[in-house]
>>> print(open('final15.tsv').read())   # TSV, C-alpha atoms
chain	number	residue	atom	x	y	z
A	1	MET	CA	0.00	0.00	0.00
A	2	ALA	CA	1.24	3.46	-0.84
A	3	HIS	CA	2.34	5.80	1.97
A	4	ILE	CA	-0.51	8.24	1.21
A	5	ALA	CA	-4.08	7.82	-0.05
A	6	ILE	CA	-3.42	7.79	-3.80
A	7	PRO	CA	-6.19	6.35	-6.02
A	8	GLU	CA	-6.23	2.54	-6.15
A	9	GLY	CA	-5.08	0.57	-9.14
A	10	LEU	CA	-2.82	3.13	-10.79
A	11	PRO	CA	0.71	1.76	-11.19
A	12	GLY	CA	3.84	3.71	-10.33
A	13	ILE	CA	4.02	7.37	-11.16
A	14	SER	CA	0.44	7.49	-12.46
A	15	GLY	CA	-0.74	7.15	-8.83
A	16	GLY	CA	1.20	10.24	-7.77
A	17	PHE	CA	0.07	12.09	-10.89
A	18	ALA	CA	-3.60	11.34	-10.15
A	19	PHE	CA	-3.18	12.47	-6.52
A	20	ARG	CA	-1.70	15.85	-7.52
A	21	PRO	CA	-2.62	16.84	-11.09
A	22	GLU	CA	-1.10	20.32	-10.62
A	23	THR	CA	2.45	18.98	-10.27
A	24	ALA	CA	1.80	16.14	-12.74
A	25	LYS	CA	1.40	18.62	-15.59
A	26	PRO	CA	4.94	20.11	-15.61
A	27	MET	CA	6.44	16.71	-14.74
A	28	ARG	CA	4.73	15.15	-17.78
A	29	GLU	CA	5.72	18.11	-19.95
A	30	LEU	CA	9.39	17.83	-18.98
A	31	ALA	CA	9.45	14.09	-19.78
A	32	HIS	CA	7.72	14.74	-23.11
A	33	ILE	CA	10.29	17.33	-24.19
A	34	LEU	CA	13.28	15.29	-23.01
A	35	LEU	CA	12.20	11.89	-24.29
A	36	HIS	CA	9.68	12.33	-27.07
A	37	GLU	CA	10.09	15.60	-28.97
A	38	PRO	CA	12.37	15.70	-32.05
A	39	ASN	CA	16.06	15.65	-31.09
A	40	SER	CA	19.35	14.61	-32.69
A	41	LEU	CA	19.42	11.82	-30.10
A	42	ALA	CA	16.86	9.21	-31.18
A	43	PRO	CA	13.94	8.59	-28.81
A	44	GLY	CA	15.19	5.03	-28.26
A	45	GLU	CA	18.61	6.35	-27.21
A	46	ARG	CA	17.04	8.81	-24.78
A	47	GLU	CA	14.83	6.07	-23.33
A	48	LEU	CA	17.95	3.94	-22.83
A	49	ILE	CA	19.51	6.78	-20.80
A	50	ALA	CA	16.32	7.04	-18.70
A	51	THR	CA	16.22	3.25	-18.24
A	52	TYR	CA	19.87	3.04	-17.24
A	53	VAL	CA	19.55	5.79	-14.62
A	54	SER	CA	16.34	4.25	-13.25
A	55	SER	CA	18.11	0.91	-13.03
A	56	GLN	CA	21.03	2.49	-11.13
A	57	ASN	CA	18.44	4.03	-8.77
A	58	ASP	CA	16.80	0.58	-8.43
A	59	CYS	CA	13.36	1.89	-9.38
A	60	TYR	CA	11.42	-1.12	-10.70
A	61	PHE	CA	8.52	0.80	-12.23
A	62	CYS	CA	10.62	3.37	-14.11
A	63	GLN	CA	13.30	1.00	-15.41
A	64	THR	CA	10.62	-1.43	-16.63
A	65	SER	CA	8.27	1.11	-18.23
A	66	HIS	CA	11.05	3.13	-19.89
A	67	GLY	CA	12.89	-0.08	-20.79
A	68	ALA	CA	9.69	-1.17	-22.58
A	69	ALA	CA	9.50	2.22	-24.31
A	70	ALA	CA	13.14	1.86	-25.42
A	71	ALA	CA	12.44	-1.67	-26.70
A	72	ALA	CA	9.37	-0.43	-28.60
A	73	HIS	CA	11.42	2.32	-30.27
A	74	LEU	CA	14.39	0.08	-31.06
A	75	GLY	CA	12.48	-3.14	-31.81
A	76	ASP	CA	14.90	-4.94	-29.49
A	77	ASP	CA	14.44	-6.20	-25.90
A	78	GLU	CA	17.96	-7.60	-25.55
A	79	ILE	CA	19.72	-4.26	-26.01
A	80	VAL	CA	17.80	-2.86	-23.03
A	81	LYS	CA	18.94	-5.71	-20.77
A	82	ARG	CA	22.51	-5.32	-22.01
A	83	VAL	CA	22.59	-1.56	-21.41
A	84	LYS	CA	21.40	-2.07	-17.84
A	85	ALA	CA	23.89	-4.87	-17.16
A	86	ASP	CA	27.02	-3.63	-19.00
A	87	PHE	CA	26.51	-0.81	-21.46
A	88	GLN	CA	30.18	-0.68	-22.50
A	89	HIS	CA	29.67	-4.01	-24.26
A	90	ALA	CA	26.18	-3.31	-25.63
A	91	ASP	CA	25.56	-2.86	-29.35
A	92	ILE	CA	25.18	0.92	-29.16
A	93	SER	CA	27.29	3.78	-30.55
A	94	ASP	CA	30.46	4.96	-28.83
A	95	LYS	CA	28.82	8.38	-28.51
A	96	LEU	CA	25.89	6.90	-26.59
A	97	LYS	CA	28.33	4.98	-24.35
A	98	ALA	CA	30.09	8.27	-23.53
A	99	LEU	CA	26.73	9.89	-22.75
A	100	LEU	CA	25.79	6.96	-20.51
A	101	VAL	CA	29.05	7.50	-18.59
A	102	ILE	CA	27.93	11.11	-17.97
A	103	ALA	CA	24.41	9.97	-17.02
A	104	GLY	CA	25.84	7.47	-14.54
A	105	LYS	CA	27.96	10.20	-12.95
A	106	VAL	CA	24.95	12.53	-12.66
A	107	GLN	CA	23.03	9.70	-10.96
A	108	GLN	CA	25.74	9.56	-8.28
A	109	GLY	CA	25.77	13.36	-7.97
A	110	GLY	CA	26.34	16.27	-10.35
A	111	LYS	CA	29.89	16.96	-9.15
A	112	HIS	CA	31.02	13.53	-10.35
A	113	VAL	CA	30.88	14.72	-13.97
A	114	THR	CA	34.36	15.76	-15.13
A	115	ALA	CA	35.61	17.94	-17.99
A	116	GLU	CA	37.21	14.76	-19.38
A	117	ASP	CA	33.86	12.92	-19.44
A	118	VAL	CA	32.36	15.81	-21.40
A	119	GLN	CA	35.35	16.14	-23.76
A	120	ASN	CA	35.23	12.42	-24.46
A	121	ALA	CA	31.54	12.64	-25.44
A	122	ARG	CA	32.29	15.68	-27.60
A	123	ASP	CA	35.21	13.88	-29.31
A	124	LEU	CA	32.80	11.09	-30.20
A	125	GLY	CA	30.39	13.52	-31.83
A	126	ALA	CA	28.08	14.66	-29.02
A	127	SER	CA	26.77	18.23	-29.32
A	128	ASP	CA	26.34	20.59	-26.38
A	129	LEU	CA	22.57	20.12	-26.61
A	130	GLU	CA	22.97	16.33	-26.45
A	131	ILE	CA	25.27	16.67	-23.42
A	132	HIS	CA	22.81	19.08	-21.79
A	133	ASP	CA	19.87	16.77	-22.39
A	134	THR	CA	21.79	13.75	-21.12
A	135	VAL	CA	22.58	15.59	-17.86
A	136	LEU	CA	18.96	16.67	-17.53
A	137	ILE	CA	17.45	13.28	-18.39
A	138	ALA	CA	19.68	11.71	-15.73
A	139	ALA	CA	18.85	14.44	-13.20
A	140	ALA	CA	15.12	14.25	-13.97
A	141	PHE	CA	15.05	10.49	-13.46
A	142	CYS	CA	16.70	11.00	-10.07
A	143	MET	CA	13.48	12.95	-9.37
A	144	TYR	CA	10.95	10.60	-11.00
A	145	ASN	CA	12.54	7.51	-9.41
A	146	ARG	CA	12.51	9.07	-5.93
A	147	TYR	CA	8.93	10.23	-6.40
A	148	VAL	CA	7.74	6.76	-7.42
A	149	ASP	CA	9.58	4.94	-4.62
A	150	GLY	CA	9.31	7.67	-1.96
A	151	LEU	CA	5.49	7.54	-2.15
A	152	GLY	CA	5.57	3.73	-1.93
A	153	THR	CA	3.51	3.40	-5.13
A	154	TRP	CA	2.04	0.14	-6.42
A	155	GLN	CA	4.47	-1.43	-8.90
A	156	PRO	CA	2.91	-4.60	-10.31
A	157	ARG	CA	5.10	-7.36	-11.73
A	158	ASP	CA	3.21	-7.86	-15.00
A	159	GLU	CA	5.43	-7.86	-18.07
A	160	SER	CA	2.58	-7.59	-20.54
A	161	MET	CA	1.32	-4.44	-18.83
A	162	TYR	CA	4.75	-2.78	-19.18
A	163	ALA	CA	5.04	-3.90	-22.81
A	164	ALA	CA	1.69	-2.25	-23.60
A	165	MET	CA	2.69	0.86	-21.64
A	166	GLY	CA	6.04	1.03	-23.48
A	167	LYS	CA	4.30	0.87	-26.87
A	168	HIS	CA	1.88	3.59	-25.81
A	169	LEU	CA	4.67	5.86	-24.51
A	170	ALA	CA	6.79	5.28	-27.63
A	171	THR	CA	3.86	6.32	-29.82
A	172	GLU	CA	2.06	9.01	-27.82
A	173	GLY	CA	4.71	10.41	-25.50
A	174	TYR	CA	4.15	11.74	-22.01
A	175	ARG	CA	1.71	14.64	-22.13
A	176	LYS	CA	-1.45	12.63	-21.49
A	177	PRO	CA	-2.18	9.73	-19.13
A	178	SER	CA	-1.87	6.31	-20.73
A	179	THR	CA	-5.21	4.53	-21.00
A	180	GLU	CA	-3.28	1.27	-20.63
A	181	ASN	CA	-2.46	2.29	-17.08
A	182	VAL	CA	-6.12	2.58	-16.26
A	183	GLU	CA	-7.19	-0.65	-17.90
A	184	VAL	CA	-4.83	-2.53	-15.61
A	185	ALA	CA	-6.79	-1.36	-12.56
B	1	MET	CA	33.85	27.30	-16.87
B	2	ALA	CA	30.70	25.33	-17.47
B	3	HIS	CA	30.91	21.98	-19.28
B	4	ILE	CA	28.86	23.30	-22.22
B	5	ALA	CA	28.54	26.71	-23.90
B	6	ILE	CA	25.92	28.28	-21.67
B	7	PRO	CA	25.60	32.09	-21.78
B	8	GLU	CA	28.23	33.89	-19.69
B	9	GLY	CA	27.44	35.58	-16.40
B	10	LEU	CA	24.29	33.71	-15.44
B	11	PRO	CA	24.73	32.03	-12.05
B	12	GLY	CA	23.68	28.47	-11.29
B	13	ILE	CA	20.48	27.14	-12.76
B	14	SER	CA	19.78	30.33	-14.72
B	15	GLY	CA	22.63	29.36	-17.08
B	16	GLY	CA	21.02	26.01	-17.88
B	17	PHE	CA	17.61	27.67	-18.19
B	18	ALA	CA	18.96	30.22	-20.71
B	19	PHE	CA	20.66	27.45	-22.71
B	20	ARG	CA	17.44	25.41	-23.05
B	21	PRO	CA	14.29	27.53	-22.53
B	22	GLU	CA	12.03	24.64	-23.56
B	23	THR	CA	12.96	22.54	-20.54
B	24	ALA	CA	13.31	25.61	-18.30
B	25	LYS	CA	9.59	26.30	-18.56
B	26	PRO	CA	8.24	23.12	-16.90
B	27	MET	CA	11.14	23.13	-14.41
B	28	ARG	CA	10.25	26.69	-13.34
B	29	GLU	CA	6.56	25.82	-13.22
B	30	LEU	CA	7.16	22.81	-10.96
B	31	ALA	CA	9.25	24.89	-8.54
B	32	HIS	CA	6.60	27.61	-8.51
B	33	ILE	CA	3.80	25.20	-7.61
B	34	LEU	CA	5.84	23.36	-4.99
B	35	LEU	CA	7.46	26.36	-3.29
B	36	HIS	CA	5.38	29.45	-3.99
B	37	GLU	CA	1.70	28.68	-4.58
B	38	PRO	CA	-0.68	28.68	-1.58
B	39	ASN	CA	-0.27	25.57	0.56
B	40	SER	CA	-0.91	24.55	4.18
B	41	LEU	CA	2.88	24.38	4.52
B	42	ALA	CA	4.17	27.96	4.64
B	43	PRO	CA	6.51	29.03	1.80
B	44	GLY	CA	9.32	29.45	4.36
B	45	GLU	CA	8.84	25.85	5.54
B	46	ARG	CA	8.92	24.56	1.96
B	47	GLU	CA	12.06	26.60	1.21
B	48	LEU	CA	13.68	25.07	4.31
B	49	ILE	CA	12.96	21.59	2.91
B	50	ALA	CA	14.48	22.61	-0.46
B	51	THR	CA	17.50	24.13	1.29
B	52	TYR	CA	18.07	21.09	3.51
B	53	VAL	CA	17.97	18.67	0.57
B	54	SER	CA	20.28	20.91	-1.51
B	55	SER	CA	22.66	21.02	1.43
B	56	GLN	CA	22.64	17.23	1.73
B	57	ASN	CA	23.39	17.11	-2.01
B	58	ASP	CA	26.23	19.62	-1.46
B	59	CYS	CA	24.90	22.01	-4.13
B	60	TYR	CA	26.26	25.46	-3.24
B	61	PHE	CA	24.06	27.49	-5.58
B	62	CYS	CA	20.76	25.84	-4.61
B	63	GLN	CA	21.32	25.70	-0.85
B	64	THR	CA	22.41	29.36	-0.85
B	65	SER	CA	19.66	30.75	-3.10
B	66	HIS	CA	16.86	28.75	-1.45
B	67	GLY	CA	18.36	29.39	1.98
B	68	ALA	CA	18.13	33.11	1.17
B	69	ALA	CA	14.52	32.65	0.02
B	70	ALA	CA	13.71	30.83	3.29
B	71	ALA	CA	15.40	33.59	5.30
B	72	ALA	CA	13.41	36.23	3.38
B	73	HIS	CA	10.14	34.45	4.12
B	74	LEU	CA	10.95	33.77	7.77
B	75	GLY	CA	12.86	36.99	8.52
B	76	ASP	CA	15.57	34.83	10.08
B	77	ASP	CA	19.01	33.79	8.78
B	78	GLU	CA	19.97	31.73	11.81
B	79	ILE	CA	17.14	29.22	11.46
B	80	VAL	CA	18.39	28.35	7.96
B	81	LYS	CA	21.91	27.61	9.23
B	82	ARG	CA	20.47	25.56	12.10
B	83	VAL	CA	18.22	23.49	9.84
B	84	LYS	CA	21.18	22.64	7.61
B	85	ALA	CA	23.45	21.76	10.53
B	86	ASP	CA	21.04	19.97	12.91
B	87	PHE	CA	17.34	20.40	12.18
B	88	GLN	CA	16.24	18.26	15.15
B	89	HIS	CA	17.42	21.09	17.43
B	90	ALA	CA	16.22	23.99	15.27
B	91	ASP	CA	13.35	26.24	16.35
B	92	ILE	CA	10.83	24.69	13.96
B	93	SER	CA	7.66	22.65	14.54
B	94	ASP	CA	7.78	18.94	15.32
B	95	LYS	CA	5.70	18.39	12.19
B	96	LEU	CA	8.33	20.09	10.02
B	97	LYS	CA	11.06	18.03	11.71
B	98	ALA	CA	9.15	14.85	10.79
B	99	LEU	CA	8.81	16.09	7.20
B	100	LEU	CA	12.54	16.87	7.05
B	101	VAL	CA	13.23	13.28	8.14
B	102	ILE	CA	11.19	12.11	5.12
B	103	ALA	CA	12.94	14.62	2.83
B	104	GLY	CA	16.34	13.39	4.02
B	105	LYS	CA	15.35	9.79	3.28
B	106	VAL	CA	14.14	10.73	-0.22
B	107	GLN	CA	17.48	12.46	-0.85
B	108	GLN	CA	19.23	9.15	-0.12
B	109	GLY	CA	16.76	7.23	-2.29
B	110	GLY	CA	12.98	6.80	-2.38
B	111	LYS	CA	13.03	3.32	-0.81
B	112	HIS	CA	14.55	4.70	2.39
B	113	VAL	CA	11.19	6.24	3.36
B	114	THR	CA	9.38	3.91	5.77
B	115	ALA	CA	5.73	3.57	6.81
B	116	GLU	CA	6.89	4.63	10.31
B	117	ASP	CA	8.41	7.87	8.99
B	118	VAL	CA	5.12	8.69	7.30
B	119	GLN	CA	3.00	7.68	10.32
B	120	ASN	CA	5.16	9.83	12.57
B	121	ALA	CA	4.61	12.87	10.33
B	122	ARG	CA	0.86	12.13	10.25
B	123	ASP	CA	0.72	11.78	14.07
B	124	LEU	CA	2.29	15.25	14.30
B	125	GLY	CA	-0.40	16.73	12.07
B	126	ALA	CA	0.93	16.35	8.52
B	127	SER	CA	-1.71	15.84	5.82
B	128	ASP	CA	-1.31	13.49	2.88
B	129	LEU	CA	-0.83	16.50	0.59
B	130	GLU	CA	1.93	17.84	2.84
B	131	ILE	CA	3.64	14.43	2.84
B	132	HIS	CA	3.26	14.21	-0.95
B	133	ASP	CA	4.71	17.67	-1.48
B	134	THR	CA	7.60	16.98	0.90
B	135	VAL	CA	8.50	13.84	-1.07
B	136	LEU	CA	8.24	15.74	-4.35
B	137	ILE	CA	10.18	18.82	-3.17
B	138	ALA	CA	12.98	16.50	-2.01
B	139	ALA	CA	12.86	14.50	-5.26
B	140	ALA	CA	12.75	17.65	-7.41
B	141	PHE	CA	15.80	19.13	-5.67
B	142	CYS	CA	17.67	15.90	-6.37
B	143	MET	CA	17.03	16.92	-10.00
B	144	TYR	CA	17.76	20.66	-9.73
B	145	ASN	CA	20.95	20.07	-7.71
B	146	ARG	CA	22.28	17.50	-10.21
B	147	TYR	CA	21.38	19.78	-13.11
B	148	VAL	CA	23.25	22.74	-11.60
B	149	ASP	CA	26.36	20.76	-10.64
B	150	GLY	CA	26.28	18.29	-13.55
B	151	LEU	CA	26.54	21.17	-16.06
B	152	GLY	CA	29.41	22.71	-14.07
B	153	THR	CA	27.57	26.04	-13.82
B	154	TRP	CA	29.11	29.26	-12.48
B	155	GLN	CA	28.28	29.56	-8.75
B	156	PRO	CA	29.66	32.86	-7.48
B	157	ARG	CA	30.46	33.32	-3.76
B	158	ASP	CA	28.68	36.63	-3.29
B	159	GLU	CA	26.34	36.71	-0.30
B	160	SER	CA	24.67	39.98	-1.28
B	161	MET	CA	23.72	38.51	-4.66
B	162	TYR	CA	22.03	35.52	-3.00
B	163	ALA	CA	20.27	37.77	-0.49
B	164	ALA	CA	18.82	39.82	-3.35
B	165	MET	CA	17.89	36.67	-5.23
B	166	GLY	CA	16.22	35.21	-2.13
B	167	LYS	CA	14.09	38.32	-1.67
B	168	HIS	CA	13.08	38.25	-5.33
B	169	LEU	CA	12.17	34.54	-5.20
B	170	ALA	CA	10.23	34.98	-1.94
B	171	THR	CA	8.18	37.78	-3.52
B	172	GLU	CA	7.81	36.77	-7.16
B	173	GLY	CA	8.23	33.00	-7.16
B	174	TYR	CA	9.76	30.91	-9.91
B	175	ARG	CA	7.80	31.40	-13.12
B	176	LYS	CA	9.94	34.21	-14.55
B	177	PRO	CA	13.71	34.77	-14.59
B	178	SER	CA	15.01	36.94	-11.75
B	179	THR	CA	16.35	40.26	-13.00
B	180	GLU	CA	18.79	40.15	-10.07
B	181	ASN	CA	20.45	37.17	-11.75
B	182	VAL	CA	21.12	39.21	-14.84
B	183	GLU	CA	22.32	42.33	-13.04
B	184	VAL	CA	25.06	40.26	-11.45
B	185	ALA	CA	26.49	39.50	-14.86
>>> encode(input="final15.tsv", output="C-alpha cells")
Amino acid sequence: MAHIAIPEGLPGISGGFAFRPETAKPMRELAHILLHEPNSLAPGERELIATYVSSQNDCYFCQTSHGAAAAAHLGDDEIVKRVKADFQHADISDKLKALLVIAGKVQQGGKHVTAEDVQNARDLGASDLEIHDTVLIAAAFCMYNRYVDGLGTWQPRDESMYAAMGKHLATEGYRKPSTENVEVA
Amino acid sequence: MAHIAIPEGLPGISGGFAFRPETAKPMRELAHILLHEPNSLAPGERELIATYVSSQNDCYFCQTSHGAAAAAHLGDDEIVKRVKADFQHADISDKLKALLVIAGKVQQGGKHVTAEDVQNARDLGASDLEIHDTVLIAAAFCMYNRYVDGLGTWQPRDESMYAAMGKHLATEGYRKPSTENVEVA
C-alpha cells in the first residue's frame, strides 16, 4: 500500500500524478520534451539513458516502463537488458556509451561529472545540446525515481502491462495519461 | 567554466535555463507550484525543505539561493543555518522536523522512506498532501541540484547577490527569470 491515499489501481508514477494533477502537468511536460520531442538523439537512445539511470536508482517501475518504451522504439528487448547490465559491451554507438558515462555520474551526484567525461563525449560527436539533455534526463530520473519509490507506489510485476505501456509511450509520449495504465486497474 | 557553452554571467540554474528555454519552462513551473503557490505548509517551511535537501546534495548554488529565500520568508538567517546543521534542534515545529526526516530519506533514495516515517509525520499533524509535497520537493531538488552541478555552472560566492535573489524569489516566485540574476552578470 502506498504511503498516502493515492487512487487505487494506478501503477507507479500514475498514482502520484492522479493524486496531484497540478504537479503532474509540468512533470509530464518535462518528460515529453526530453524523451519524445524531435532531437538529434533518437527517442530510443534517450529512453535507454532514462532506463539506465532508473536501473542504477533501483526503481522497478521506471526502469521497466522506460525499458519497454526503449524496446518499442528500437524493436529490441535484448539491447535494453545489455545496457542495464554492461553498457560498454552493448551494441550501441560509442557516442551513446560516452553519454551513458555522464548519465551514470549525474546519478551519483552532479559533481562527479568531469571535464574529461564531457570532452570524451564531444570527441565522439556529441553536441552541447545532447550533453545538456543527457545531464537533464539523468537528473530528472533522479526525481521521477525518488517520487515513485518515496510515495511507496504500487508497482505490479506484470510484463505484458509494461510492454503495452512502453508501446503507448513510444507512440504518444508523455503529455497525457496512458489509458493502458487505467485498464490494468 | 561550465561543461557546455551556456551564456556567460548567469549564475547556477539560470545558465542552464537560458541554454534550453524549452525545458526551463516546466522546471520553473514545478518549482513555482511546490514552493510558492498557496499551501498549508508555509513558503518558508517549503524553502527550508528545499534548502536542507540541496545542502545534503552539497549544491552550493541551490542551498544558498533557497536558503536566502527561506530567510526572506521567515525573517531569520539563523534558522536556515540551524536546519542545515542539525534540524532536530532547530526552532521549527515537530511536524516540520518529521517532514525533514522524510525529505532526508528521499534524498538518499525513495526506498529509504518507511511507513513509520510517514506515520510519525501524520501523528504530528501532517496531511497526505503535505507528505506528498515533501517527497516531491525533495525528489525535485535531487534533479535541480544535479542539473546545476552536472553542467558545471558558475556559482559565485557573493552573499549579497544571493540575499537579493532570495528576496526576489520569496516575492515573485519561480515562473519568470530573476532580473537580479542578470544584473550580477
>>> calpha_fit_and_write(input="final15.tsv", fixed="chain B", moving="chain A", output="short mmCIF file (atom, residue, chain, number, x, y, z; two decimals) with C-alpha atoms, in the frame of the given file")
data_model
loop_
_atom_site.label_atom_id
_atom_site.label_comp_id
_atom_site.auth_asym_id
_atom_site.auth_seq_id
_atom_site.Cartn_x
_atom_site.Cartn_y
_atom_site.Cartn_z
CA MET A 1 33.83 27.31 -16.85
CA ALA A 2 30.69 25.32 -17.45
CA HIS A 3 30.90 21.97 -19.27
CA ILE A 4 28.86 23.30 -22.22
CA ALA A 5 28.55 26.71 -23.89
CA ILE A 6 25.90 28.27 -21.65
CA PRO A 7 25.59 32.09 -21.76
CA GLU A 8 28.21 33.91 -19.67
CA GLY A 9 27.43 35.59 -16.40
CA LEU A 10 24.28 33.72 -15.43
CA PRO A 11 24.70 32.04 -12.03
CA GLY A 12 23.67 28.47 -11.30
CA ILE A 13 20.48 27.14 -12.76
CA SER A 14 19.76 30.33 -14.71
CA GLY A 15 22.63 29.37 -17.06
CA GLY A 16 21.03 26.02 -17.87
CA PHE A 17 17.62 27.67 -18.19
CA ALA A 18 18.96 30.22 -20.70
CA PHE A 19 20.66 27.46 -22.72
CA ARG A 20 17.44 25.42 -23.04
CA PRO A 21 14.31 27.55 -22.54
CA GLU A 22 12.05 24.64 -23.57
CA THR A 23 12.97 22.53 -20.54
CA ALA A 24 13.31 25.61 -18.30
CA LYS A 25 9.59 26.31 -18.57
CA PRO A 26 8.24 23.13 -16.89
CA MET A 27 11.15 23.13 -14.42
CA ARG A 28 10.26 26.68 -13.34
CA GLU A 29 6.57 25.81 -13.23
CA LEU A 30 7.16 22.81 -10.97
CA ALA A 31 9.25 24.88 -8.53
CA HIS A 32 6.60 27.61 -8.53
CA ILE A 33 3.80 25.20 -7.62
CA LEU A 34 5.84 23.36 -4.99
CA LEU A 35 7.45 26.35 -3.30
CA HIS A 36 5.39 29.44 -3.99
CA GLU A 37 1.71 28.70 -4.58
CA PRO A 38 -0.69 28.69 -1.59
CA ASN A 39 -0.28 25.57 0.56
CA SER A 40 -0.91 24.56 4.18
CA LEU A 41 2.88 24.37 4.51
CA ALA A 42 4.18 27.95 4.64
CA PRO A 43 6.50 29.04 1.82
CA GLY A 44 9.32 29.46 4.35
CA GLU A 45 8.85 25.86 5.53
CA ARG A 46 8.92 24.56 1.97
CA GLU A 47 12.05 26.59 1.22
CA LEU A 48 13.67 25.06 4.31
CA ILE A 49 12.95 21.57 2.91
CA ALA A 50 14.48 22.60 -0.44
CA THR A 51 17.51 24.13 1.31
CA TYR A 52 18.07 21.09 3.51
CA VAL A 53 17.97 18.66 0.57
CA SER A 54 20.27 20.90 -1.49
CA SER A 55 22.67 21.03 1.44
CA GLN A 56 22.64 17.22 1.74
CA ASN A 57 23.40 17.10 -2.01
CA ASP A 58 26.22 19.64 -1.46
CA CYS A 59 24.89 22.01 -4.12
CA TYR A 60 26.26 25.45 -3.23
CA PHE A 61 24.05 27.48 -5.57
CA CYS A 62 20.75 25.83 -4.61
CA GLN A 63 21.31 25.70 -0.84
CA THR A 64 22.40 29.36 -0.83
CA SER A 65 19.66 30.75 -3.09
CA HIS A 66 16.84 28.75 -1.46
CA GLY A 67 18.35 29.38 1.98
CA ALA A 68 18.13 33.11 1.18
CA ALA A 69 14.52 32.64 0.03
CA ALA A 70 13.72 30.82 3.29
CA ALA A 71 15.39 33.60 5.31
CA ALA A 72 13.42 36.24 3.39
CA HIS A 73 10.14 34.44 4.12
CA LEU A 74 10.95 33.77 7.78
CA GLY A 75 12.86 36.98 8.53
CA ASP A 76 15.57 34.83 10.10
CA ASP A 77 19.01 33.79 8.77
CA GLU A 78 19.98 31.73 11.82
CA ILE A 79 17.15 29.21 11.46
CA VAL A 80 18.38 28.34 7.97
CA LYS A 81 21.90 27.60 9.23
CA ARG A 82 20.48 25.55 12.10
CA VAL A 83 18.22 23.48 9.85
CA LYS A 84 21.17 22.63 7.61
CA ALA A 85 23.44 21.76 10.54
CA ASP A 86 21.03 19.96 12.92
CA PHE A 87 17.34 20.38 12.20
CA GLN A 88 16.24 18.27 15.19
CA HIS A 89 17.41 21.08 17.46
CA ALA A 90 16.23 23.99 15.28
CA ASP A 91 13.36 26.23 16.36
CA ILE A 92 10.83 24.69 13.97
CA SER A 93 7.67 22.65 14.55
CA ASP A 94 7.78 18.93 15.32
CA LYS A 95 5.70 18.38 12.18
CA LEU A 96 8.32 20.10 10.03
CA LYS A 97 11.06 18.02 11.71
CA ALA A 98 9.16 14.85 10.78
CA LEU A 99 8.81 16.09 7.20
CA LEU A 100 12.54 16.87 7.07
CA VAL A 101 13.24 13.27 8.15
CA ILE A 102 11.19 12.11 5.13
CA ALA A 103 12.94 14.61 2.84
CA GLY A 104 16.34 13.39 4.02
CA LYS A 105 15.35 9.79 3.28
CA VAL A 106 14.13 10.72 -0.22
CA GLN A 107 17.48 12.45 -0.83
CA GLN A 108 19.24 9.14 -0.13
CA GLY A 109 16.75 7.24 -2.30
CA GLY A 110 12.97 6.80 -2.35
CA LYS A 111 13.04 3.32 -0.81
CA HIS A 112 14.56 4.71 2.39
CA VAL A 113 11.19 6.22 3.36
CA THR A 114 9.37 3.90 5.77
CA ALA A 115 5.72 3.57 6.82
CA GLU A 116 6.89 4.62 10.30
CA ASP A 117 8.42 7.86 8.98
CA VAL A 118 5.11 8.68 7.30
CA GLN A 119 2.99 7.68 10.32
CA ASN A 120 5.16 9.82 12.57
CA ALA A 121 4.60 12.87 10.34
CA ARG A 122 0.87 12.13 10.24
CA ASP A 123 0.73 11.79 14.06
CA LEU A 124 2.28 15.24 14.30
CA GLY A 125 -0.40 16.73 12.07
CA ALA A 126 0.94 16.35 8.52
CA SER A 127 -1.71 15.83 5.82
CA ASP A 128 -1.30 13.49 2.86
CA LEU A 129 -0.83 16.51 0.59
CA GLU A 130 1.94 17.85 2.84
CA ILE A 131 3.64 14.42 2.84
CA HIS A 132 3.26 14.21 -0.95
CA ASP A 133 4.71 17.67 -1.47
CA THR A 134 7.59 16.98 0.90
CA VAL A 135 8.50 13.83 -1.08
CA LEU A 136 8.25 15.74 -4.34
CA ILE A 137 10.18 18.81 -3.16
CA ALA A 138 12.98 16.50 -2.01
CA ALA A 139 12.87 14.49 -5.25
CA ALA A 140 12.76 17.65 -7.40
CA PHE A 141 15.79 19.12 -5.66
CA CYS A 142 17.67 15.89 -6.37
CA MET A 143 17.02 16.92 -10.00
CA TYR A 144 17.75 20.66 -9.74
CA ASN A 145 20.94 20.07 -7.71
CA ARG A 146 22.26 17.51 -10.21
CA TYR A 147 21.39 19.79 -13.11
CA VAL A 148 23.23 22.75 -11.59
CA ASP A 149 26.34 20.75 -10.65
CA GLY A 150 26.28 18.28 -13.56
CA LEU A 151 26.54 21.16 -16.07
CA GLY A 152 29.39 22.70 -14.06
CA THR A 153 27.55 26.04 -13.81
CA TRP A 154 29.09 29.25 -12.48
CA GLN A 155 28.28 29.57 -8.77
CA PRO A 156 29.67 32.87 -7.48
CA ARG A 157 30.47 33.32 -3.80
CA ASP A 158 28.69 36.65 -3.31
CA GLU A 159 26.37 36.73 -0.31
CA SER A 160 24.67 39.96 -1.29
CA MET A 161 23.73 38.52 -4.67
CA TYR A 162 22.03 35.52 -3.00
CA ALA A 163 20.27 37.77 -0.49
CA ALA A 164 18.81 39.84 -3.35
CA MET A 165 17.89 36.67 -5.25
CA GLY A 166 16.22 35.20 -2.13
CA LYS A 167 14.10 38.33 -1.67
CA HIS A 168 13.10 38.26 -5.32
CA LEU A 169 12.17 34.55 -5.21
CA ALA A 170 10.24 34.98 -1.95
CA THR A 171 8.20 37.77 -3.52
CA GLU A 172 7.82 36.76 -7.17
CA GLY A 173 8.24 33.00 -7.17
CA TYR A 174 9.78 30.92 -9.92
CA ARG A 175 7.82 31.41 -13.13
CA LYS A 176 9.95 34.22 -14.56
CA PRO A 177 13.71 34.77 -14.61
CA SER A 178 15.00 36.96 -11.80
CA THR A 179 16.34 40.28 -13.04
CA GLU A 180 18.77 40.18 -10.11
CA ASN A 181 20.46 37.23 -11.76
CA VAL A 182 21.11 39.26 -14.86
CA GLU A 183 22.35 42.36 -13.09
CA VAL A 184 25.10 40.30 -11.51
CA ALA A 185 26.55 39.52 -14.94
#
>>> closest_residue(input="final15.tsv", among="B:Gly75, B:Gly67, B:Pro26, B:Gly125", to="chain A", atoms="only C-alpha atoms")
B:Pro26
>>> closest_residue(input="final15.tsv", among="A:Ala68, A:Ala164, A:Leu74, A:Ile49", to="Ala138 in chain A", atoms="all atoms listed in the file")
A:Ile49
